[in-house]
file structure.cif (mmCIF, C-alpha atoms)
data_run
loop_
_atom_site.label_atom_id
_atom_site.label_comp_id
_atom_site.auth_asym_id
_atom_site.auth_seq_id
_atom_site.Cartn_x
_atom_site.Cartn_y
_atom_site.Cartn_z
CA MET A 18 -3.66 0.94 -19.33
CA ALA A 19 -6.94 1.92 -20.95
CA GLY A 20 -5.27 1.69 -24.36
CA MET A 21 -4.06 -1.84 -23.60
CA CYS A 22 -7.54 -2.92 -22.53
CA LYS A 23 -9.03 -1.42 -25.69
CA MET A 24 -6.40 -3.16 -27.82
CA GLY A 25 -7.14 -6.45 -26.06
CA SER A 26 -10.86 -6.07 -26.76
CA VAL A 27 -10.17 -5.33 -30.44
CA LEU A 28 -7.88 -8.37 -30.78
CA LYS A 29 -10.44 -10.55 -29.04
CA PHE A 30 -13.14 -9.31 -31.43
CA ILE A 31 -10.96 -9.94 -34.48
CA GLY A 32 -10.04 -13.40 -33.17
CA GLY A 33 -13.71 -14.25 -32.67
CA VAL A 34 -14.61 -13.11 -36.20
CA LEU A 35 -11.71 -15.11 -37.71
CA ASN A 36 -12.71 -18.18 -35.68
CA LYS A 37 -16.30 -17.96 -36.97
CA ALA A 38 -15.20 -17.38 -40.57
CA VAL A 39 -12.67 -20.22 -40.62
CA SER A 40 -15.13 -22.49 -38.79
CA PHE A 41 -17.83 -21.81 -41.38
CA VAL A 42 -15.49 -22.82 -44.22
CA VAL A 43 -14.05 -25.86 -42.42
CA PHE A 44 -17.40 -27.25 -41.28
CA SER A 45 -18.99 -26.62 -44.68
CA VAL A 46 -16.26 -28.83 -46.17
CA LEU A 47 -16.82 -31.40 -43.41
CA ASP A 48 -20.57 -31.34 -44.14
CA LEU A 49 -19.83 -32.19 -47.75
CA LEU A 50 -17.28 -34.85 -46.80
CA ASP A 51 -19.68 -36.53 -44.37
CA PHE A 52 -22.39 -36.46 -47.05
CA ILE A 53 -20.05 -38.20 -49.52
CA LEU A 54 -18.86 -40.73 -46.91
CA CYS A 55 -22.49 -41.60 -46.16
CA TYR A 56 -22.95 -42.97 -49.68
CA GLY A 57 -19.42 -44.36 -49.74
CA TYR A 58 -20.11 -46.53 -46.68
CA LYS A 59 -23.48 -47.61 -48.08
CA VAL A 60 -21.69 -48.89 -51.19
CA ALA A 61 -18.95 -50.54 -49.11
CA ASP A 62 -21.48 -52.20 -46.77
CA PHE A 63 -23.52 -53.43 -49.73
CA CYS A 64 -20.50 -54.81 -51.59
CA ILE A 65 -19.02 -56.56 -48.56
CA GLU A 66 -22.12 -57.61 -46.63
CA ALA A 67 -24.79 -57.60 -49.40
CA GLU A 68 -26.84 -55.01 -47.52
CA TRP A 69 -26.51 -51.53 -46.12
CA ARG A 70 -27.84 -50.34 -42.83
CA PRO A 71 -29.65 -47.03 -42.41
CA CYS A 72 -27.58 -44.36 -40.69
CA TYR A 73 -28.70 -41.57 -38.40
CA CYS A 74 -28.46 -38.99 -41.16
CA SER A 75 -31.23 -40.85 -43.02
CA SER A 76 -34.84 -40.22 -42.14
CA ALA A 77 -36.04 -41.47 -38.80
CA LYS A 78 -38.80 -43.43 -40.52
CA GLU A 79 -36.35 -45.36 -42.72
CA ALA A 80 -33.91 -46.11 -39.93
CA ILE A 81 -36.47 -47.14 -37.36
CA THR A 82 -38.85 -49.22 -39.46
CA SER A 83 -35.94 -51.18 -40.91
CA SER A 84 -34.65 -51.98 -37.42
CA GLY A 85 -37.93 -53.39 -36.11
CA LYS A 86 -38.72 -50.30 -34.04
CA ILE A 87 -41.50 -47.73 -34.25
CA LEU A 88 -41.09 -43.99 -33.76
CA VAL A 89 -43.83 -42.54 -31.61
CA SER A 90 -44.81 -38.89 -31.29
CA GLU A 91 -46.53 -38.02 -28.04
CA GLN A 92 -47.02 -34.45 -26.78
CA GLY A 93 -44.10 -33.18 -28.85
CA GLU A 94 -41.63 -35.73 -27.50
CA SER A 95 -39.94 -38.53 -29.46
CA LYS A 96 -40.12 -42.07 -28.18
CA ILE A 97 -39.24 -45.49 -29.54
CA VAL A 98 -41.44 -48.54 -29.27
CA SER A 99 -39.17 -51.58 -29.57
CA LEU A 100 -40.97 -54.59 -31.00
CA ASN A 101 -39.77 -58.17 -31.04
CA SER A 102 -41.16 -61.61 -30.38
CA SER A 103 -41.21 -61.17 -26.63
CA LYS A 104 -41.50 -57.54 -25.59
CA LEU A 105 -43.00 -54.18 -26.42
CA GLN A 106 -40.93 -51.41 -24.84
CA LEU A 107 -41.24 -47.64 -24.70
CA GLU A 108 -37.96 -45.73 -24.94
CA ASP A 109 -37.15 -42.03 -24.75
CA ILE A 110 -34.74 -40.79 -27.42
CA SER A 111 -33.10 -37.43 -27.99
CA ASP A 112 -34.24 -35.46 -31.01
CA THR A 113 -30.55 -34.84 -31.77
CA LEU A 114 -30.27 -38.47 -32.89
CA TYR A 115 -31.93 -37.73 -36.23
CA SER A 116 -31.86 -33.90 -36.16
CA ARG A 117 -28.30 -32.74 -36.80
CA PRO A 118 -28.76 -30.25 -39.65
CA SER A 119 -25.82 -29.39 -41.88
CA LEU A 120 -25.39 -27.00 -44.79
CA VAL A 121 -25.30 -29.82 -47.36
CA ALA A 122 -28.26 -31.63 -45.78
CA GLU A 123 -30.37 -28.48 -45.73
CA VAL A 124 -29.54 -27.62 -49.35
CA SER A 125 -30.22 -31.16 -50.59
CA LYS A 126 -33.44 -31.36 -48.56
CA LEU A 127 -34.62 -28.03 -49.98
CA THR A 128 -33.78 -29.15 -53.53
CA VAL A 129 -35.60 -32.48 -53.15
CA ASN A 130 -38.64 -30.78 -51.64
CA GLU A 131 -38.80 -28.26 -54.47
CA LEU A 132 -38.52 -31.01 -57.10
CA LYS A 133 -41.25 -33.01 -55.40
CA LYS A 134 -43.44 -29.94 -55.19
CA PHE A 135 -42.87 -29.24 -58.88
CA LYS A 136 -43.50 -32.84 -59.93
CA LEU A 137 -46.47 -33.59 -57.71
CA ASP A 138 -48.13 -30.21 -57.74
CA GLY A 139 -51.37 -31.62 -59.16
CA THR A 140 -51.69 -34.42 -56.60
CA ALA A 141 -50.25 -32.73 -53.55
CA LYS A 142 -53.62 -31.97 -52.01
CA THR A 143 -54.86 -35.54 -52.21
CA LYS A 144 -51.66 -36.99 -50.80
CA LYS A 145 -51.15 -34.45 -48.05
CA GLY A 146 -50.46 -36.19 -44.75
CA SER A 147 -50.25 -39.65 -46.32
CA THR A 148 -46.57 -40.13 -45.42
CA ARG A 149 -45.65 -39.42 -41.84
CA SER A 150 -42.62 -40.68 -39.97
CA THR A 151 -44.45 -40.50 -36.65
CA PHE A 152 -47.82 -41.48 -35.28
CA THR A 153 -49.60 -41.03 -31.98
CA ILE A 154 -50.20 -43.94 -29.66
CA ASN A 155 -51.84 -44.07 -26.28
CA SER A 156 -48.92 -44.55 -23.92
CA ILE A 157 -51.20 -46.13 -21.29
CA ILE A 158 -51.59 -49.17 -23.57
CA VAL A 159 -47.82 -49.44 -23.93
CA GLU A 160 -47.28 -49.08 -20.18
CA MET A 161 -49.83 -51.84 -19.52
CA LEU A 162 -47.97 -54.19 -21.86
CA GLN A 163 -44.55 -53.31 -20.47
CA GLY A 164 -42.87 -55.79 -18.16
CA LYS A 165 -45.39 -58.59 -18.83
CA MET A 166 -43.16 -60.42 -21.26
CA VAL A 167 -39.64 -61.79 -21.15
CA GLY A 168 -36.84 -59.32 -21.99
CA ARG A 169 -35.18 -59.34 -25.36
CA GLN A 170 -31.85 -60.96 -26.12
CA LEU A 171 -28.83 -58.94 -27.13
CA HIS A 172 -27.73 -59.75 -30.66
CA HIS A 173 -24.24 -59.36 -32.05
CA ILE A 174 -24.24 -58.39 -35.71
CA PRO A 175 -20.57 -58.14 -36.76
CA THR A 176 -19.60 -55.85 -39.63
CA TRP A 177 -16.52 -55.62 -41.80
CA SER A 178 -15.43 -52.49 -39.94
CA ASP A 179 -15.54 -54.14 -36.49
CA CYS A 180 -12.36 -55.19 -34.70
CA ASP A 181 -12.00 -58.98 -34.68
CA CYS A 182 -9.64 -59.29 -31.71
CA LYS A 183 -10.43 -61.57 -28.77
CA PHE A 184 -10.80 -58.74 -26.27
CA CYS A 185 -13.33 -56.74 -28.33
CA ASN A 186 -15.41 -59.86 -29.01
CA SER A 187 -15.04 -61.57 -25.65
CA TRP A 188 -18.69 -60.93 -24.78
CA THR A 189 -19.93 -62.89 -27.80
CA SER A 190 -18.55 -66.15 -26.41
CA SER A 191 -20.71 -65.89 -23.30
CA SER A 192 -24.28 -67.18 -23.23
CA LYS A 193 -25.20 -64.58 -20.59
CA ASP A 194 -26.56 -61.23 -21.73
CA THR A 195 -25.08 -59.33 -18.80
CA LEU A 196 -22.53 -56.61 -18.28
CA TYR A 197 -18.94 -57.28 -17.29
CA VAL A 198 -18.47 -56.59 -13.57
CA LYS A 199 -15.16 -56.52 -11.69
CA ALA A 200 -15.84 -57.42 -8.07
CA GLN A 201 -13.39 -57.02 -5.20
CA GLY A 202 -13.99 -57.53 -1.50
CA PRO A 203 -14.10 -60.10 1.32
CA LYS A 204 -15.05 -63.63 0.36
CA ASP A 205 -18.02 -65.63 1.66
CA ASN A 206 -20.30 -62.57 1.45
CA LYS A 207 -18.87 -61.07 4.62
CA ALA A 208 -18.86 -57.51 3.25
CA ARG A 209 -20.98 -55.16 5.31
CA GLU A 210 -21.71 -52.75 2.47
CA ASP A 211 -21.63 -52.64 -1.33
CA VAL A 212 -20.19 -49.85 -3.47
CA ILE A 213 -21.04 -49.64 -7.18
CA PHE A 214 -18.65 -47.76 -9.48
CA ILE A 215 -20.02 -46.42 -12.79
CA HIS A 216 -17.57 -45.03 -15.34
CA GLY A 217 -18.11 -42.24 -17.87
CA PHE A 218 -18.15 -41.92 -21.65
CA ILE A 219 -15.32 -43.52 -23.67
CA SER A 220 -14.11 -45.39 -20.58
CA SER A 221 -14.53 -48.69 -18.75
CA SER A 222 -14.32 -50.27 -15.32
CA ALA A 223 -10.53 -49.94 -15.62
CA PHE A 224 -11.05 -46.25 -14.80
CA TRP A 225 -11.65 -47.45 -11.23
CA THR A 226 -9.91 -50.82 -11.00
CA GLU A 227 -6.52 -49.54 -12.13
CA THR A 228 -6.57 -46.35 -10.04
CA LEU A 229 -8.72 -46.69 -6.91
CA PHE A 230 -8.93 -50.42 -6.24
CA PRO A 231 -5.18 -51.01 -5.69
CA ASN A 232 -5.03 -48.11 -3.23
CA PHE A 233 -7.89 -49.01 -0.91
CA SER A 234 -6.86 -49.65 2.68
CA ASP A 235 -7.06 -53.13 4.18
CA THR A 236 -9.91 -51.92 6.38
CA ALA A 237 -11.89 -50.77 3.35
CA LYS A 238 -11.22 -54.03 1.51
CA SER A 239 -12.47 -56.07 4.47
CA THR A 240 -15.54 -53.90 5.01
CA TYR A 241 -16.85 -53.13 1.52
CA ARG A 242 -17.52 -55.10 -1.62
CA PHE A 243 -16.50 -53.00 -4.63
CA LEU A 244 -18.36 -53.56 -7.91
CA ALA A 245 -17.03 -51.79 -11.01
CA VAL A 246 -19.19 -52.28 -14.09
CA ASP A 247 -18.50 -51.90 -17.81
CA LEU A 248 -21.55 -50.12 -19.21
CA LEU A 249 -23.46 -51.45 -22.23
CA GLY A 250 -21.26 -50.87 -25.29
CA PHE A 251 -18.05 -50.32 -23.31
CA GLY A 252 -15.10 -52.47 -22.25
CA ARG A 253 -15.92 -56.18 -22.06
CA SER A 254 -19.68 -55.70 -21.91
CA PRO A 255 -22.05 -56.53 -24.80
CA LYS A 256 -22.10 -54.13 -27.75
CA PRO A 257 -25.35 -54.98 -29.56
CA ALA A 258 -25.63 -53.29 -32.95
CA ASP A 259 -29.42 -53.10 -32.71
CA SER A 260 -29.43 -51.17 -29.42
CA LEU A 261 -30.11 -47.44 -29.15
CA TYR A 262 -28.27 -47.35 -25.79
CA THR A 263 -31.04 -45.41 -24.08
CA LEU A 264 -31.16 -44.49 -20.41
CA ARG A 265 -33.68 -47.26 -19.77
CA GLU A 266 -31.44 -49.89 -21.41
CA HIS A 267 -28.37 -48.82 -19.40
CA VAL A 268 -30.23 -48.80 -16.08
CA GLY A 269 -31.95 -52.10 -16.82
CA MET A 270 -28.64 -53.81 -17.60
CA ILE A 271 -27.05 -52.47 -14.39
CA GLU A 272 -29.98 -53.81 -12.39
CA LYS A 273 -29.75 -57.21 -14.08
CA SER A 274 -25.95 -57.52 -14.01
CA VAL A 275 -25.16 -55.97 -10.63
CA LEU A 276 -28.15 -55.63 -8.32
CA GLU A 277 -29.74 -58.97 -9.20
CA ALA A 278 -26.62 -60.99 -10.03
CA TYR A 279 -24.80 -59.99 -6.83
CA GLU A 280 -27.94 -59.81 -4.68
CA VAL A 281 -27.30 -56.17 -3.77
CA LYS A 282 -29.98 -54.82 -1.45
CA SER A 283 -28.51 -51.48 -0.40
CA PHE A 284 -25.50 -49.73 -1.85
CA HIS A 285 -23.31 -46.67 -2.31
CA ILE A 286 -22.72 -45.30 -5.81
CA VAL A 287 -19.59 -43.58 -7.10
CA ALA A 288 -20.01 -42.28 -10.64
CA HIS A 289 -18.13 -40.18 -13.18
CA SER A 290 -19.42 -38.04 -16.09
CA LEU A 291 -21.99 -40.06 -18.07
CA GLY A 292 -22.18 -42.46 -15.14
CA CYS A 293 -23.61 -39.64 -13.00
CA ILE A 294 -26.76 -39.56 -15.14
CA LEU A 295 -27.19 -43.32 -14.70
CA ALA A 296 -26.46 -43.03 -10.98
CA LEU A 297 -29.21 -40.44 -10.57
CA ALA A 298 -31.63 -42.64 -12.54
CA LEU A 299 -30.80 -45.58 -10.25
CA ALA A 300 -31.25 -43.39 -7.18
CA VAL A 301 -34.68 -42.28 -8.39
CA LYS A 302 -35.71 -45.86 -9.15
CA HIS A 303 -34.32 -47.31 -5.88
CA PRO A 304 -34.60 -44.47 -3.34
CA GLY A 305 -34.77 -46.81 -0.35
CA SER A 306 -31.62 -48.70 -1.33
CA ILE A 307 -29.22 -45.79 -1.82
CA LYS A 308 -26.88 -45.13 1.10
CA SER A 309 -24.79 -42.43 -0.55
CA LEU A 310 -24.26 -40.87 -3.95
CA THR A 311 -20.86 -39.51 -5.07
CA LEU A 312 -20.89 -37.72 -8.43
CA LEU A 313 -17.63 -36.71 -10.13
CA THR A 314 -17.90 -34.01 -12.84
CA PRO A 315 -21.62 -34.56 -13.53
CA PRO A 316 -22.85 -33.01 -16.79
CA TYR A 317 -25.14 -30.11 -15.90
CA PHE A 318 -26.28 -27.30 -18.18
CA LEU A 319 -28.61 -24.38 -17.53
CA VAL A 320 -30.99 -24.17 -20.49
CA PRO A 321 -32.56 -20.75 -21.22
CA LYS A 322 -36.32 -20.63 -21.03
CA GLY A 323 -37.96 -21.40 -24.35
CA GLU A 324 -34.94 -23.25 -25.78
CA ALA A 325 -35.12 -26.88 -26.89
CA ALA A 326 -32.95 -28.52 -24.22
CA THR A 327 -31.34 -31.25 -26.31
CA GLN A 328 -30.50 -29.01 -29.27
CA TYR A 329 -29.20 -26.26 -26.95
CA VAL A 330 -26.88 -28.64 -25.08
CA MET A 331 -25.74 -30.16 -28.39
CA ARG A 332 -24.63 -26.74 -29.62
CA LYS A 333 -23.11 -25.92 -26.24
CA LEU A 334 -20.97 -29.06 -26.21
CA ALA A 335 -20.27 -29.10 -29.95
CA PRO A 336 -20.39 -25.48 -31.18
CA ARG A 337 -18.95 -26.24 -34.66
CA ARG A 338 -15.84 -24.16 -34.04
CA VAL A 339 -12.23 -24.94 -34.93
CA TRP A 340 -11.00 -23.27 -31.75
CA PRO A 341 -10.54 -24.30 -28.99
CA VAL A 342 -9.30 -27.74 -30.04
CA MET A 343 -11.64 -29.55 -27.66
CA ALA A 344 -14.63 -27.80 -29.24
CA PHE A 345 -13.44 -28.94 -32.67
CA CYS A 346 -13.03 -32.57 -31.50
CA THR A 347 -16.44 -32.73 -29.82
CA SER A 348 -18.03 -31.15 -32.89
CA LEU A 349 -16.51 -33.85 -35.10
CA ALA A 350 -17.81 -36.58 -32.82
CA CYS A 351 -21.30 -35.15 -32.35
CA TRP A 352 -22.15 -33.78 -35.80
CA TYR A 353 -20.44 -36.19 -38.20
CA GLU A 354 -21.44 -39.84 -37.97
CA HIS A 355 -19.49 -41.01 -41.01
CA ILE A 356 -16.33 -39.02 -40.32
CA SER A 357 -16.42 -40.47 -36.81
CA ARG A 358 -16.84 -43.94 -38.32
CA THR A 359 -13.75 -43.32 -40.45
CA ILE A 360 -11.73 -42.25 -37.41
CA CYS A 361 -12.90 -45.37 -35.53
CA LEU A 362 -12.05 -47.51 -38.54
CA VAL A 363 -8.48 -46.18 -38.54
CA ILE A 364 -7.92 -46.10 -34.78
CA CYS A 365 -10.28 -48.55 -33.06
CA LYS A 366 -10.22 -51.39 -35.57
CA ASN A 367 -6.41 -51.20 -35.60
CA HIS A 368 -5.98 -50.56 -31.87
CA ARG A 369 -3.53 -53.44 -31.54
CA LEU A 370 -1.16 -51.73 -33.97
CA TRP A 371 -1.45 -48.40 -32.14
CA GLU A 372 -0.90 -50.10 -28.78
CA PHE A 373 2.22 -51.79 -30.14
CA LEU A 374 3.59 -48.52 -31.55
CA THR A 375 2.81 -46.69 -28.31
CA LYS A 376 4.63 -49.28 -26.24
CA LEU A 377 7.52 -49.22 -28.70
CA VAL A 378 7.88 -45.43 -28.52
CA THR A 379 7.37 -45.19 -24.75
CA ARG A 380 9.44 -48.32 -24.06
CA ASN A 381 6.43 -50.13 -22.63
CA ARG A 382 5.55 -47.37 -20.16
#
call {"tool": "encode", "arguments": {"input": "structure.cif", "output": "structure tokens"}}
result
Amino acid sequence: MAGMCKMGSVLKFIGGVLNKAVSFVVFSVLDLLDFILCYGYKVADFCIEAEWRPCYCSSAKEAITSSGKILVSEQGESKIVSLNSSKLQLEDISDTLYSRPSLVAEVSKLTVNELKKFKLDGTAKTKKGSTRSTFTINSIIVEMLQGKMVGRQLHHIPTWSDCDCKFCNSWTSSSKDTLYVKAQGPKDNKAREDVIFIHGFISSSAFWTETLFPNFSDTAKSTYRFLAVDLLGFGRSPKPADSLYTLREHVGMIEKSVLEAYEVKSFHIVAHSLGCILALALAVKHPGSIKSLTLLTPPYFLVPKGEAATQYVMRKLAPRRVWPVMAFCTSLACWYEHISRTICLVICKNHRLWEFLTKLVTRNR
């Protein structure tokens, strides 16, 4: 028995070493591929649309200033100040948005820095600190200006890689900048209570409407008004290209599209995955209106003391390993913007073809 346990430990150790070695090779190749695709898509965007848009692997300064936003550094945290003709808004962003280091990126960055140092050695002292991607701003001034102007409009900027089907673009035909909400309950506002359903990542209101809604009892249907929402960027809701999809934006759109539009005063919340984070934010913002909070598989991670929370969770969810398969898939999605764009281009843009083939193979099941 002891020999078997020892053998198992040895095999586990060997498997772990092989996993790390193979992962290093595979993800080094993927780093290079994503780096090449970055420039490939810039060329494609420029040729087809006469301009290219900064990606998240570019510098934060380039991406933000070109999008009409300002990156703010305050007490070590990154924030976005959104500027337009009607509103100045402070947004929290994760440092993982522009900080996803790869082997190729680090090597190219080191090479560029060394060349700059060699070329500008004589003038480095005079130019030190002249180019910074962040600046400090007194947040009190921003907070004073917040909420005193009309909210911004959601703009649809179609690209050549977007799907052009009616379903994916249904929100563009509406003049209302609100989320899609599926409501079910007694007519004439006779419902005694409201229940808001918030779906998770890569999902939609159909997560609830096609599973729970048909199975509610007659008593429940006559007592409650059920409101299932498509979050910003999902389902039939708006998908603005100039949005950063921050927590504040998501919560604000839920308030505008559900609480205000349906005159909801008090409510229950049922949320799944990503929706749990939004549900908690709503509960904090409207503590007197929450009757109950039901959270299904909420994302929760214990972060060791001294670790940067966002970077730690990023590596926990996407460890850059080929095994298990789920770790490999999440690593692709989280670390590689341009590989993910390629996958979406093949699958999402051509979803009608895949749906047809799926129905053909499964005989419409």
call {"tool": "closest_residue", "arguments": {"input": "structure.cif", "among": "A:Leu319, A:Leu248, A:Met331, A:Val339", "to": "Leu114 of chain A", "atoms": "all atoms listed in the file"}}
result
A:Met331
call {"tool": "resolve_selection", "arguments": {"input": "structure.cif", "expression": "the PyMOL selection byres ((chain A and resi 208-216) around 10)", "output": "compact mmCIF listing (two decimals) with C-alpha atoms, in the coordinates of the input"}}
result
# COMPACT_ATOMS: atom_id res chain seq x y z
CA VAL A 198 -18.47 -56.59 -13.57
CA LYS A 199 -15.16 -56.52 -11.69
CA ALA A 200 -15.84 -57.42 -8.07
CA GLY A 202 -13.99 -57.53 -1.50
CA PRO A 203 -14.10 -60.10 1.32
CA LYS A 204 -15.05 -63.63 0.36
CA ASP A 205 -18.02 -65.63 1.66
CA ASN A 206 -20.30 -62.57 1.45
CA LYS A 207 -18.87 -61.07 4.62
CA GLY A 217 -18.11 -42.24 -17.87
CA PHE A 218 -18.15 -41.92 -21.65
CA ILE A 219 -15.32 -43.52 -23.67
CA SER A 220 -14.11 -45.39 -20.58
CA SER A 221 -14.53 -48.69 -18.75
CA SER A 222 -14.32 -50.27 -15.32
CA ALA A 223 -10.53 -49.94 -15.62
CA PHE A 224 -11.05 -46.25 -14.80
CA TRP A 225 -11.65 -47.45 -11.23
CA THR A 226 -9.91 -50.82 -11.00
CA ALA A 237 -11.89 -50.77 3.35
CA LYS A 238 -11.22 -54.03 1.51
CA SER A 239 -12.47 -56.07 4.47
CA THR A 240 -15.54 -53.90 5.01
CA TYR A 241 -16.85 -53.13 1.52
CA ARG A 242 -17.52 -55.10 -1.62
CA PHE A 243 -16.50 -53.00 -4.63
CA LEU A 244 -18.36 -53.56 -7.91
CA ALA A 245 -17.03 -51.79 -11.01
CA VAL A 246 -19.19 -52.28 -14.09
CA ASP A 247 -18.50 -51.90 -17.81
CA LEU A 248 -21.55 -50.12 -19.21
CA PHE A 251 -18.05 -50.32 -23.31
CA ILE A 271 -27.05 -52.47 -14.39
CA VAL A 275 -25.16 -55.97 -10.63
CA LEU A 276 -28.15 -55.63 -8.32
CA TYR A 279 -24.80 -59.99 -6.83
CA VAL A 281 -27.30 -56.17 -3.77
CA LYS A 282 -29.98 -54.82 -1.45
CA SER A 283 -28.51 -51.48 -0.40
CA PHE A 284 -25.50 -49.73 -1.85
CA HIS A 285 -23.31 -46.67 -2.31
CA ILE A 286 -22.72 -45.30 -5.81
CA VAL A 287 -19.59 -43.58 -7.10
CA ALA A 288 -20.01 -42.28 -10.64
CA HIS A 289 -18.13 -40.18 -13.18
CA SER A 290 -19.42 -38.04 -16.09
CA LEU A 291 -21.99 -40.06 -18.07
CA GLY A 292 -22.18 -42.46 -15.14
CA CYS A 293 -23.61 -39.64 -13.00
CA ILE A 294 -26.76 -39.56 -15.14
CA LEU A 295 -27.19 -43.32 -14.70
CA ALA A 296 -26.46 -43.03 -10.98
CA LYS A 308 -26.88 -45.13 1.10
CA SER A 309 -24.79 -42.43 -0.55
CA LEU A 310 -24.26 -40.87 -3.95
CA THR A 311 -20.86 -39.51 -5.07
CA LEU A 312 -20.89 -37.72 -8.43
CA LEU A 313 -17.63 -36.71 -10.13
call {"tool": "atom_distance", "arguments": {"input": "structure.cif", "atom1": "atom CA of Gly32 of chain A", "atom2": "atom CA of Thr347 of chain A"}}
result
20.6 Å
call {"tool": "atom_distance", "arguments": {"input": "structure.cif", "atom1": "atom CA of Tyr353 of chain A", "atom2": "atom CA of Ser111 of chain A"}}
result
16.3 Å
call {"tool": "resolve_selection", "arguments": {"input": "structure.cif", "expression": "the PyMOL selection byres ((chain A and resi 179-187) around 8)", "output": "list of chain:residue names"}}
result
A:Pro175, A:Thr176, A:Trp177, A:Ser178, A:Trp188, A:Thr189, A:Ser190, A:Ser191, A:Gly252, A:Arg253, A:Leu362, A:Cys365, A:Lys366, A:Asn367
call {"tool": "axis_aligned_box", "arguments": {"input": "structure.cif", "around": "segment 268-271 of chain A", "padding_each_side": "6 Å", "output": "lines of an AutoDock Vina configuration file"}}
result
center_x = -29.5
center_y = -51.3
center_z = -16.0
size_x = 16.9
size_y = 17.0
size_z = 15.2
call {"tool": "atom_distance", "arguments": {"input": "structure.cif", "atom1": "atom CA of Glu354 of chain A", "atom2": "atom CA of Cys74 of chain A"}}
result
7.8 Å
call {"tool": "resolve_selection", "arguments": {"input": "structure.cif", "expression": "the PyMOL selection byres ((chain A and resi 47-61) around 9)", "output": "PDB file with C-alpha atoms, in the frame of the given file"}}
result
ATOM      1  CA  VAL A  42     -15.490 -22.820 -44.220  1.00  0.00           C
ATOM      2  CA  VAL A  43     -14.050 -25.860 -42.420  1.00  0.00           C
ATOM      3  CA  PHE A  44     -17.400 -27.250 -41.280  1.00  0.00           C
ATOM      4  CA  SER A  45     -18.990 -26.620 -44.680  1.00  0.00           C
ATOM      5  CA  VAL A  46     -16.260 -28.830 -46.170  1.00  0.00           C
ATOM      6  CA  ASP A  62     -21.480 -52.200 -46.770  1.00  0.00           C
ATOM      7  CA  PHE A  63     -23.520 -53.430 -49.730  1.00  0.00           C
ATOM      8  CA  CYS A  64     -20.500 -54.810 -51.590  1.00  0.00           C
ATOM      9  CA  ILE A  65     -19.020 -56.560 -48.560  1.00  0.00           C
ATOM     10  CA  GLU A  66     -22.120 -57.610 -46.630  1.00  0.00           C
ATOM     11  CA  GLU A  68     -26.840 -55.010 -47.520  1.00  0.00           C
ATOM     12  CA  TRP A  69     -26.510 -51.530 -46.120  1.00  0.00           C
ATOM     13  CA  ARG A  70     -27.840 -50.340 -42.830  1.00  0.00           C
ATOM     14  CA  PRO A  71     -29.650 -47.030 -42.410  1.00  0.00           C
ATOM     15  CA  CYS A  72     -27.580 -44.360 -40.690  1.00  0.00           C
ATOM     16  CA  CYS A  74     -28.460 -38.990 -41.160  1.00  0.00           C
ATOM     17  CA  SER A 119     -25.820 -29.390 -41.880  1.00  0.00           C
ATOM     18  CA  LEU A 120     -25.390 -27.000 -44.790  1.00  0.00           C
ATOM     19  CA  VAL A 121     -25.300 -29.820 -47.360  1.00  0.00           C
ATOM     20  CA  ALA A 122     -28.260 -31.630 -45.780  1.00  0.00           C
ATOM     21  CA  LEU A 349     -16.510 -33.850 -35.100  1.00  0.00           C
ATOM     22  CA  TRP A 352     -22.150 -33.780 -35.800  1.00  0.00           C
ATOM     23  CA  TYR A 353     -20.440 -36.190 -38.200  1.00  0.00           C
ATOM     24  CA  GLU A 354     -21.440 -39.840 -37.970  1.00  0.00           C
ATOM     25  CA  HIS A 355     -19.490 -41.010 -41.010  1.00  0.00           C
ATOM     26  CA  ILE A 356     -16.330 -39.020 -40.320  1.00  0.00           C
ATOM     27  CA  THR A 359     -13.750 -43.320 -40.450  1.00  0.00           C
TER      28      THR A 359
END
call {"tool": "closest_residue", "arguments": {"input": "structure.cif", "among": "A:Glu227, A:Asp259, A:Asp235, A:Asp112", "to": "Thr327 of chain A", "atoms": "all atoms listed in the file"}}
result
A:Asp112
call {"tool": "closest_residue", "arguments": {"input": "structure.cif", "among": "A:Glu266, A:Asp194, A:Glu272, A:Glu324", "to": "Lys302 of chain A", "atoms": "all atoms listed in the file"}}
result
A:Glu272
